[in-house]
Amino acid sequence: MAKIYYQEDCNLSLLEGKTIAIIGYGSQGHAHALNLKDSGCHVIIGLYEGSKSWKRAEEQGFEVFTAAEAAKQADIIMILINDEKQAKMYKEDIEPNLEEGNMLMFAHGFNIHFGCIKPPKFVDVTMIAPKGPGHTVRSEYQAGKGVPCLVAVEQDATGKALEMALAYALGIGGARAGVLETTFRTETETDLFGEQAVLCGGVCALMQAGFEVLTEAGYDPRNAYFECIHEMKLIVDLIYQSGFSGMRYSISNTAEYGDYVTGPKLITEETKNTMRKILKEIQDGTFAKEFLLDMSDAGGQVHFQAMRKLAQEHPSEKVGEEIRKLYSWNGEDKLLDN
């Protein structure tokens with residue numbers, strides 16, 4: 001079993017006197033930077049010239065530099081930009097400015113695992129991957145809590161890579177919840193599989209298929225949206241809080257019975273075989289090659305943008321926009337009077 005580290009296993013003082021460069025100031029970037037800053041660390045931000053985030057980062061109290069200048073100044077460099085942009089930026093801006101003993105960090109193992117980025121032997125290469133979106137990483141920290149993280153060491157040039165990575169995890173609040181030891185390979189392959197087969201690809205396709213079946217049978221699309229899409233959050237929140245047993249305890253006997261008898265009819269051995277094929281294509285690099293080609297200058301994101309446009313045109317999107325105006329927490333443009 002992999003080890004889980006907590007606050008008492010981490011030494012924040014290891015970051016004293018170190019300059020941490022956060023490359024990127026998006027969802028994860030702003031959360032890491034602000035949490036580290038509040039933990040007393042010296043943090044600078046690296047962005048490309050003309051970035052829309054430049055002014056925002058400055059307004060939130062950071063010195064902002066180009067990625068190259070930030071890397072040159074830093075002892076620890078955390079790369080938090082999109083996967084498809086990392087290799088080019090690393091080659092042009094970070095690699096020429098690396099010094100012996102620096103630590104290169106990632107929040108996802110994609111570029112290291114698939115060989116898109118090949119760091120020199122004289123730097124540490126580690127990962128701290130919060131298991132939650134950036135705004136949650138920030139809000140949990142502010143509440144005195146934290147989001148669980150994964151930690152991995154790909155290269156230990158200094159002999160202190162794990163200790164430094166754990167100090168970073170404590171700085172962003174992750175060690176308050178727990179930091180699970182893993183590898184770049186495991187994190188990358190399980191993360192991609194989870195996103196594709198379950199969390200995003202699987203869940204969205206399942207909800208939309210349910211919506212389509214009900215509307216094709218003549219039911220009001222708004223009813224279909226409520227039953228197959230809206231209520232997903234209610235169920236997932238129960239699972240998040242108390243697991244499958246807690247969710248089943250909270251629903252009706254009718255729903256629980258239907259869960260047991262119908263789930264296996266939907267997720268069959270054939271479905272699992274498809275999932276196994278998806279995993280194999282992640283493991284052997286097929287997905288990574290396809291993704292990077294489409295996102296490259298040569299690919300022009302043609303397939304990606306076409307799929308995005310098609311998804312946005314699904315009938316459930318228009319119905320959902322109407323339904324969400326009914327929510328009391330929306331506040332504006334509600335369809336129902338108070």
# chains A, B, ... in the order shown; residues from 1 in each chain; ligands from 1
>>> select_by_dssp(residues="segment 147-235 of chain A", states="alpha helix (DSSP H)", output="number ranges by chain")
A: 161-171, 174-177, 184-193, 201-216, 221-225, 232-235
>>> residues_around(residues="Gly115 of chain A", least_positions_apart="3", cutoff="12 Å", atoms="only C-alpha atoms", output="PDB file with N, CA, C and O atoms, in the first residue's frame")
ATOM      1  N   GLN A  86       2.979  22.824 -22.627  1.00  0.00           N
ATOM      2  CA  GLN A  86       4.109  22.738 -21.710  1.00  0.00           C
ATOM      3  C   GLN A  86       5.439  22.453 -22.398  1.00  0.00           C
ATOM      4  O   GLN A  86       6.458  23.069 -22.069  1.00  0.00           O
ATOM      5  N   ALA A  87       5.480  21.524 -23.324  1.00  0.00           N
ATOM      6  CA  ALA A  87       6.752  21.111 -23.917  1.00  0.00           C
ATOM      7  C   ALA A  87       7.443  22.261 -24.635  1.00  0.00           C
ATOM      8  O   ALA A  87       8.654  22.469 -24.472  1.00  0.00           O
ATOM      9  N   GLY A 109       1.283  14.340 -14.626  1.00  0.00           N
ATOM     10  CA  GLY A 109       2.487  13.711 -15.142  1.00  0.00           C
ATOM     11  C   GLY A 109       2.591  13.570 -16.641  1.00  0.00           C
ATOM     12  O   GLY A 109       3.568  13.010 -17.145  1.00  0.00           O
ATOM     13  N   PHE A 110       1.624  14.078 -17.390  1.00  0.00           N
ATOM     14  CA  PHE A 110       1.498  13.841 -18.826  1.00  0.00           C
ATOM     15  C   PHE A 110       2.806  14.043 -19.591  1.00  0.00           C
ATOM     16  O   PHE A 110       3.287  13.140 -20.286  1.00  0.00           O
ATOM     17  N   ASN A 111       3.388  15.229 -19.486  1.00  0.00           N
ATOM     18  CA  ASN A 111       4.542  15.560 -20.324  1.00  0.00           C
ATOM     19  C   ASN A 111       5.808  14.813 -19.938  1.00  0.00           C
ATOM     20  O   ASN A 111       6.634  14.509 -20.804  1.00  0.00           O
ATOM     21  N   ILE A 112       5.966  14.513 -18.664  1.00  0.00           N
ATOM     22  CA  ILE A 112       7.112  13.720 -18.236  1.00  0.00           C
ATOM     23  C   ILE A 112       6.924  12.255 -18.625  1.00  0.00           C
ATOM     24  O   ILE A 112       7.804  11.622 -19.221  1.00  0.00           O
ATOM     25  N   LYS A 118      11.999  16.347 -21.204  1.00  0.00           N
ATOM     26  CA  LYS A 118      13.089  15.504 -20.702  1.00  0.00           C
ATOM     27  C   LYS A 118      14.078  16.376 -19.932  1.00  0.00           C
ATOM     28  O   LYS A 118      15.003  16.940 -20.525  1.00  0.00           O
ATOM     29  N   PRO A 119      13.884  16.501 -18.628  1.00  0.00           N
ATOM     30  CA  PRO A 119      14.732  17.381 -17.826  1.00  0.00           C
ATOM     31  C   PRO A 119      16.173  16.877 -17.736  1.00  0.00           C
ATOM     32  O   PRO A 119      16.417  15.670 -17.866  1.00  0.00           O
ATOM     33  N   PHE A 184       4.682   9.093 -11.489  1.00  0.00           N
ATOM     34  CA  PHE A 184       4.216   9.871 -12.635  1.00  0.00           C
ATOM     35  C   PHE A 184       3.386   8.987 -13.568  1.00  0.00           C
ATOM     36  O   PHE A 184       2.361   9.419 -14.092  1.00  0.00           O
ATOM     37  N   ARG A 185       3.838   7.760 -13.767  1.00  0.00           N
ATOM     38  CA  ARG A 185       3.101   6.865 -14.662  1.00  0.00           C
ATOM     39  C   ARG A 185       1.702   6.573 -14.131  1.00  0.00           C
ATOM     40  O   ARG A 185       0.705   6.673 -14.857  1.00  0.00           O
ATOM     41  N   GLY A 285       0.287   5.102 -25.270  1.00  0.00           N
ATOM     42  CA  GLY A 285       0.570   6.411 -25.842  1.00  0.00           C
ATOM     43  C   GLY A 285      -0.299   6.800 -27.024  1.00  0.00           C
ATOM     44  O   GLY A 285      -0.151   7.902 -27.562  1.00  0.00           O
ATOM     45  N   ALA A 288      -2.282   9.996 -26.229  1.00  0.00           N
ATOM     46  CA  ALA A 288      -1.399  11.163 -26.127  1.00  0.00           C
ATOM     47  C   ALA A 288      -0.977  11.656 -27.509  1.00  0.00           C
ATOM     48  O   ALA A 288      -0.994  12.862 -27.784  1.00  0.00           O
ATOM     49  N   LYS A 289      -0.615  10.728 -28.391  1.00  0.00           N
ATOM     50  CA  LYS A 289      -0.193  11.110 -29.745  1.00  0.00           C
ATOM     51  C   LYS A 289      -1.341  11.774 -30.502  1.00  0.00           C
ATOM     52  O   LYS A 289      -1.158  12.792 -31.173  1.00  0.00           O
TER      53      LYS A 289
END
>>> residues_around(residues="segment 259-268 of chain A", least_positions_apart="5", cutoff="9 Å", atoms="only C-alpha atoms", output="PDB file with C-alpha atoms, in the first residue's frame")
ATOM      1  CA  ARG A 248     -28.070   4.239  -0.993  1.00  0.00           C
ATOM      2  CA  THR A 254     -37.400   1.981  -5.002  1.00  0.00           C
ATOM      3  CA  ASN A 273     -13.965  -4.437 -22.371  1.00  0.00           C
TER       4      ASN A 273
END
>>> closest_residue(among="A:Thr66, A:Thr190, A:Ser245, A:Thr126", to="Glu163 of chain A", atoms="only C-alpha atoms")
A:Thr126
>>> closest_residue(among="A:Ser242, A:Ala217, A:Leu292, A:Phe304", to="Lys85 of chain A", atoms="only C-alpha atoms")
A:Leu292
>>> residues_around(residues="Glu212 of chain A", least_positions_apart="5", cutoff="9 Å", atoms="only C-alpha atoms", output="number ranges by chain")
A: 207, 217, 221, 224, 315-316
>>> residues_around(residues="Asn82 of chain A", least_positions_apart="6", cutoff="10 Å", atoms="only C-alpha atoms", output="list in words")
Gly24, Gly26 and His108 of chain A
>>> closest_atom_pairs(of="segment 127-240 of chain A", to="segment 67-77 of chain A", cutoff="12 Å", atoms="only C-alpha atoms", output="CSV")
residue,atom,partner,partner_atom,distance
A:Met127,CA,A:Ile77,CA,10.9
A:Ile128,CA,A:Ile77,CA,12.0
A:Ala161,CA,A:Ile76,CA,10.8
A:Met164,CA,A:Ile76,CA,9.3
A:Ala165,CA,A:Ile76,CA,9.7
A:Ala167,CA,A:Ile76,CA,11.6
A:Tyr168,CA,A:Ile76,CA,9.5
>>> write_last_selection(atoms="N, CA, C and O atoms", output="mmCIF file, in the first residue's frame")
data_model
loop_
_atom_site.group_PDB
_atom_site.id
_atom_site.type_symbol
_atom_site.label_atom_id
_atom_site.label_comp_id
_atom_site.auth_asym_id
_atom_site.auth_seq_id
_atom_site.Cartn_x
_atom_site.Cartn_y
_atom_site.Cartn_z
ATOM 1 N N MET A 127 6.114 15.882 -8.449
ATOM 2 C CA MET A 127 4.727 16.239 -8.730
ATOM 3 C C MET A 127 3.945 16.374 -7.433
ATOM 4 O O MET A 127 4.075 15.548 -6.534
ATOM 5 N N ILE A 128 3.175 17.440 -7.357
ATOM 6 C CA ILE A 128 2.129 17.579 -6.343
ATOM 7 C C ILE A 128 0.840 17.849 -7.109
ATOM 8 O O ILE A 128 0.703 18.882 -7.766
ATOM 9 N N ALA A 161 14.358 15.406 -2.811
ATOM 10 C CA ALA A 161 13.216 15.734 -3.665
ATOM 11 C C ALA A 161 11.881 15.480 -2.971
ATOM 12 O O ALA A 161 10.974 16.317 -3.024
ATOM 13 N N MET A 164 11.198 18.047 -0.191
ATOM 14 C CA MET A 164 10.861 19.364 -0.742
ATOM 15 C C MET A 164 9.450 19.365 -1.327
ATOM 16 O O MET A 164 8.700 20.325 -1.159
ATOM 17 N N ALA A 165 9.098 18.286 -2.008
ATOM 18 C CA ALA A 165 7.751 18.199 -2.579
ATOM 19 C C ALA A 165 6.694 18.184 -1.478
ATOM 20 O O ALA A 165 5.643 18.836 -1.596
ATOM 21 N N ALA A 167 7.008 19.533 1.453
ATOM 22 C CA ALA A 167 6.947 20.893 1.998
ATOM 23 C C ALA A 167 6.034 21.756 1.138
ATOM 24 O O ALA A 167 5.235 22.551 1.651
ATOM 25 N N TYR A 168 6.143 21.596 -0.164
ATOM 26 C CA TYR A 168 5.269 22.318 -1.092
ATOM 27 C C TYR A 168 3.811 21.923 -0.859
ATOM 28 O O TYR A 168 2.918 22.787 -0.827
#
>>> atom_distance(atom1="atom CA of Ile44 of chain A", atom2="atom CA of Ile22 of chain A")
6.4 Å
>>> select_by_dssp(residues="segment 39-159 of chain A", states="strand (DSSP E or B)", output="compact mmCIF listing (two decimals) with all heavy atoms, in the first residue's frame")
# COMPACT_ATOMS: atom_id res chain seq x y z
N HIS A 42 8.12 32.64 -0.55
CA HIS A 42 8.39 33.67 -1.55
C HIS A 42 8.01 33.14 -2.92
O HIS A 42 8.64 32.21 -3.44
CB HIS A 42 9.88 34.06 -1.54
CG HIS A 42 10.21 35.10 -2.56
ND1 HIS A 42 11.30 35.02 -3.40
CD2 HIS A 42 9.58 36.27 -2.88
CE1 HIS A 42 11.32 36.08 -4.19
NE2 HIS A 42 10.30 36.85 -3.89
N VAL A 43 6.96 33.72 -3.50
CA VAL A 43 6.39 33.22 -4.74
C VAL A 43 6.43 34.31 -5.81
O VAL A 43 6.08 35.47 -5.54
CB VAL A 43 4.92 32.78 -4.53
CG1 VAL A 43 4.34 32.22 -5.83
CG2 VAL A 43 4.82 31.76 -3.41
N ILE A 44 6.86 33.94 -7.01
CA ILE A 44 6.76 34.83 -8.16
C ILE A 44 5.96 34.10 -9.23
O ILE A 44 5.80 32.88 -9.19
CB ILE A 44 8.14 35.24 -8.71
CG1 ILE A 44 8.95 34.01 -9.16
CG2 ILE A 44 8.91 36.04 -7.66
CD1 ILE A 44 10.28 34.36 -9.81
N ILE A 45 5.46 34.85 -10.20
CA ILE A 45 4.62 34.29 -11.25
C ILE A 45 5.31 34.43 -12.60
O ILE A 45 5.87 35.48 -12.91
CB ILE A 45 3.24 35.00 -11.32
CG1 ILE A 45 2.58 35.01 -9.94
CG2 ILE A 45 2.34 34.33 -12.35
CD1 ILE A 45 2.30 33.66 -9.34
N GLY A 46 5.26 33.36 -13.41
CA GLY A 46 5.80 33.40 -14.77
C GLY A 46 4.69 33.24 -15.78
O GLY A 46 3.93 32.28 -15.73
N LEU A 47 4.60 34.23 -16.70
CA LEU A 47 3.56 34.22 -17.73
C LEU A 47 4.16 34.63 -19.08
O LEU A 47 5.25 35.18 -19.14
CB LEU A 47 2.44 35.20 -17.37
CG LEU A 47 1.68 34.95 -16.06
CD1 LEU A 47 0.76 36.12 -15.75
CD2 LEU A 47 0.88 33.66 -16.13
N GLU A 63 4.94 39.59 -7.83
CA GLU A 63 5.82 40.05 -8.89
C GLU A 63 5.62 39.11 -10.07
O GLU A 63 5.61 37.88 -9.89
CB GLU A 63 7.29 39.99 -8.45
CG GLU A 63 7.67 40.99 -7.38
CD GLU A 63 9.14 40.87 -7.04
OE1 GLU A 63 9.52 39.91 -6.35
OE2 GLU A 63 9.92 41.74 -7.49
N VAL A 64 5.45 39.68 -11.24
CA VAL A 64 5.18 38.87 -12.43
C VAL A 64 6.29 39.09 -13.46
O VAL A 64 6.68 40.23 -13.72
CB VAL A 64 3.81 39.21 -13.04
CG1 VAL A 64 3.49 38.26 -14.20
CG2 VAL A 64 2.71 39.14 -11.98
N PHE A 65 6.77 37.99 -14.02
CA PHE A 65 7.84 38.03 -15.00
C PHE A 65 7.46 37.15 -16.19
O PHE A 65 6.47 36.40 -16.13
CB PHE A 65 9.15 37.51 -14.40
CG PHE A 65 9.58 38.24 -13.16
CD1 PHE A 65 9.20 37.77 -11.90
CD2 PHE A 65 10.36 39.38 -13.23
CE1 PHE A 65 9.60 38.42 -10.74
CE2 PHE A 65 10.77 40.04 -12.08
CZ PHE A 65 10.39 39.57 -10.83
N THR A 66 8.24 37.23 -17.24
CA THR A 66 8.08 36.23 -18.30
C THR A 66 8.45 34.87 -17.70
O THR A 66 9.16 34.79 -16.69
CB THR A 66 8.99 36.53 -19.49
OG1 THR A 66 10.36 36.45 -19.06
CG2 THR A 66 8.70 37.90 -20.07
N ILE A 76 12.53 26.66 -7.28
CA ILE A 76 11.47 25.68 -7.51
C ILE A 76 10.56 26.22 -8.60
O ILE A 76 10.10 27.37 -8.51
CB ILE A 76 10.66 25.43 -6.23
CG1 ILE A 76 11.58 24.86 -5.14
CG2 ILE A 76 9.48 24.50 -6.50
CD1 ILE A 76 10.92 24.83 -3.76
N ILE A 77 10.32 25.42 -9.63
CA ILE A 77 9.51 25.87 -10.78
C ILE A 77 8.34 24.91 -10.95
O ILE A 77 8.53 23.73 -11.29
CB ILE A 77 10.35 25.90 -12.07
CG1 ILE A 77 11.58 26.80 -11.88
CG2 ILE A 77 9.51 26.35 -13.25
CD1 ILE A 77 12.72 26.47 -12.79
N MET A 78 7.15 25.40 -10.68
CA MET A 78 5.93 24.59 -10.83
C MET A 78 5.23 24.99 -12.12
O MET A 78 4.82 26.15 -12.28
CB MET A 78 5.00 24.79 -9.64
CG MET A 78 3.60 24.20 -9.82
SD MET A 78 3.54 22.41 -10.12
CE MET A 78 3.18 21.77 -8.48
N ILE A 79 5.09 24.04 -13.04
CA ILE A 79 4.48 24.32 -14.34
C ILE A 79 2.99 23.99 -14.28
O ILE A 79 2.60 22.84 -14.11
CB ILE A 79 5.16 23.50 -15.45
CG1 ILE A 79 6.65 23.84 -15.51
CG2 ILE A 79 4.50 23.77 -16.79
CD1 ILE A 79 7.44 23.05 -16.54
N MET A 103 14.34 22.47 -8.52
CA MET A 103 13.29 21.45 -8.56
C MET A 103 12.24 21.86 -9.58
O MET A 103 11.67 22.94 -9.50
CB MET A 103 12.64 21.24 -7.19
CG MET A 103 11.60 20.12 -7.22
SD MET A 103 11.17 19.45 -5.59
CE MET A 103 10.19 20.80 -4.92
N LEU A 104 12.01 20.96 -10.54
CA LEU A 104 10.99 21.15 -11.56
C LEU A 104 9.76 20.38 -11.12
O LEU A 104 9.84 19.18 -10.84
CB LEU A 104 11.51 20.64 -12.90
CG LEU A 104 10.72 20.94 -14.16
CD1 LEU A 104 10.65 22.45 -14.40
CD2 LEU A 104 11.37 20.24 -15.36
N MET A 105 8.61 21.06 -11.05
CA MET A 105 7.40 20.45 -10.51
C MET A 105 6.25 20.48 -11.51
O MET A 105 6.17 21.36 -12.36
CB MET A 105 6.96 21.16 -9.22
CG MET A 105 7.96 21.12 -8.09
SD MET A 105 7.24 21.68 -6.53
CE MET A 105 6.16 20.30 -6.12
N PHE A 106 5.37 19.50 -11.34
CA PHE A 106 4.18 19.39 -12.17
C PHE A 106 2.99 19.02 -11.29
O PHE A 106 3.16 18.46 -10.20
CB PHE A 106 4.37 18.31 -13.24
CG PHE A 106 5.50 18.58 -14.18
CD1 PHE A 106 6.81 18.23 -13.83
CD2 PHE A 106 5.29 19.18 -15.41
CE1 PHE A 106 7.87 18.49 -14.70
CE2 PHE A 106 6.34 19.44 -16.27
CZ PHE A 106 7.63 19.09 -15.91
N ASP A 124 15.85 18.10 -9.60
CA ASP A 124 14.79 17.24 -9.08
C ASP A 124 13.56 17.39 -9.96
O ASP A 124 13.27 18.50 -10.46
CB ASP A 124 14.43 17.63 -7.65
CG ASP A 124 15.53 17.32 -6.65
OD1 ASP A 124 16.39 16.47 -6.96
OD2 ASP A 124 15.53 17.93 -5.56
N VAL A 125 12.82 16.32 -10.13
CA VAL A 125 11.55 16.36 -10.88
C VAL A 125 10.48 15.71 -10.01
O VAL A 125 10.56 14.51 -9.72
CB VAL A 125 11.67 15.63 -12.23
CG1 VAL A 125 10.34 15.72 -12.99
CG2 VAL A 125 12.80 16.20 -13.07
N THR A 126 9.51 16.50 -9.59
CA THR A 126 8.49 16.01 -8.68
C THR A 126 7.10 16.46 -9.11
O THR A 126 6.95 17.30 -10.01
CB THR A 126 8.73 16.50 -7.23
OG1 THR A 126 8.56 17.93 -7.20
CG2 THR A 126 10.13 16.15 -6.75
N MET A 127 6.11 15.88 -8.45
CA MET A 127 4.73 16.24 -8.73
C MET A 127 3.95 16.37 -7.43
O MET A 127 4.07 15.55 -6.53
CB MET A 127 4.07 15.17 -9.60
CG MET A 127 2.56 15.37 -9.81
SD MET A 127 1.87 14.23 -11.04
CE MET A 127 2.36 12.65 -10.38
N ILE A 128 3.18 17.44 -7.36
CA ILE A 128 2.13 17.58 -6.34
C ILE A 128 0.84 17.85 -7.11
O ILE A 128 0.70 18.88 -7.77
CB ILE A 128 2.42 18.71 -5.35
CG1 ILE A 128 3.61 18.36 -4.46
CG2 ILE A 128 1.17 19.00 -4.49
CD1 ILE A 128 3.37 17.18 -3.52
N ALA A 129 -0.08 16.89 -7.04
CA ALA A 129 -1.32 16.97 -7.82
C ALA A 129 -2.53 17.02 -6.89
O ALA A 129 -2.95 15.98 -6.37
CB ALA A 129 -1.43 15.78 -8.75
N PRO A 130 -3.08 18.21 -6.65
CA PRO A 130 -4.30 18.29 -5.83
C PRO A 130 -5.46 17.58 -6.51
O PRO A 130 -5.64 17.71 -7.72
CB PRO A 130 -4.56 19.80 -5.74
CG PRO A 130 -3.25 20.45 -6.06
CD PRO A 130 -2.61 19.53 -7.06
N CYS A 149 -3.80 15.49 -1.94
CA CYS A 149 -2.89 15.59 -3.08
C CYS A 149 -2.21 14.25 -3.34
O CYS A 149 -2.17 13.38 -2.47
CB CYS A 149 -1.81 16.64 -2.82
SG CYS A 149 -2.39 18.34 -2.69
N LEU A 150 -1.66 14.12 -4.53
CA LEU A 150 -0.75 13.04 -4.86
C LEU A 150 0.66 13.61 -4.90
O LEU A 150 0.86 14.76 -5.30
CB LEU A 150 -1.09 12.43 -6.22
CG LEU A 150 -2.49 11.86 -6.40
CD1 LEU A 150 -2.65 11.32 -7.82
CD2 LEU A 150 -2.76 10.76 -5.39
N VAL A 151 1.64 12.81 -4.48
CA VAL A 151 3.04 13.23 -4.57
C VAL A 151 3.81 12.14 -5.31
O VAL A 151 3.58 10.95 -5.10
CB VAL A 151 3.67 13.48 -3.18
CG1 VAL A 151 3.64 12.22 -2.31
CG2 VAL A 151 5.09 14.00 -3.31
N ALA A 152 4.70 12.57 -6.20
CA ALA A 152 5.53 11.62 -6.94
C ALA A 152 6.90 12.23 -7.16
O ALA A 152 7.03 13.45 -7.33
CB ALA A 152 4.89 11.26 -8.28
N VAL A 153 7.91 11.39 -7.17
CA VAL A 153 9.28 11.82 -7.47
C VAL A 153 9.74 11.03 -8.69
O VAL A 153 9.84 9.80 -8.66
CB VAL A 153 10.22 11.56 -6.28
CG1 VAL A 153 11.66 11.90 -6.67
CG2 VAL A 153 9.78 12.36 -5.06
N GLU A 154 10.02 11.74 -9.77
CA GLU A 154 10.53 11.12 -10.99
C GLU A 154 12.05 11.10 -11.01
O GLU A 154 12.67 10.18 -11.53
CB GLU A 154 9.99 11.88 -12.22
CG GLU A 154 10.42 11.32 -13.55
CD GLU A 154 9.71 10.03 -13.92
OE1 GLU A 154 8.76 9.62 -13.21
OE2 GLU A 154 10.10 9.41 -14.94
N GLN A 155 12.64 12.15 -10.43
CA GLN A 155 14.10 12.27 -10.44
C GLN A 155 14.55 12.96 -9.16
O GLN A 155 14.07 14.05 -8.84
CB GLN A 155 14.52 13.07 -11.67
CG GLN A 155 16.01 13.17 -11.91
CD GLN A 155 16.31 13.69 -13.30
OE1 GLN A 155 16.16 12.99 -14.30
NE2 GLN A 155 16.74 14.94 -13.38
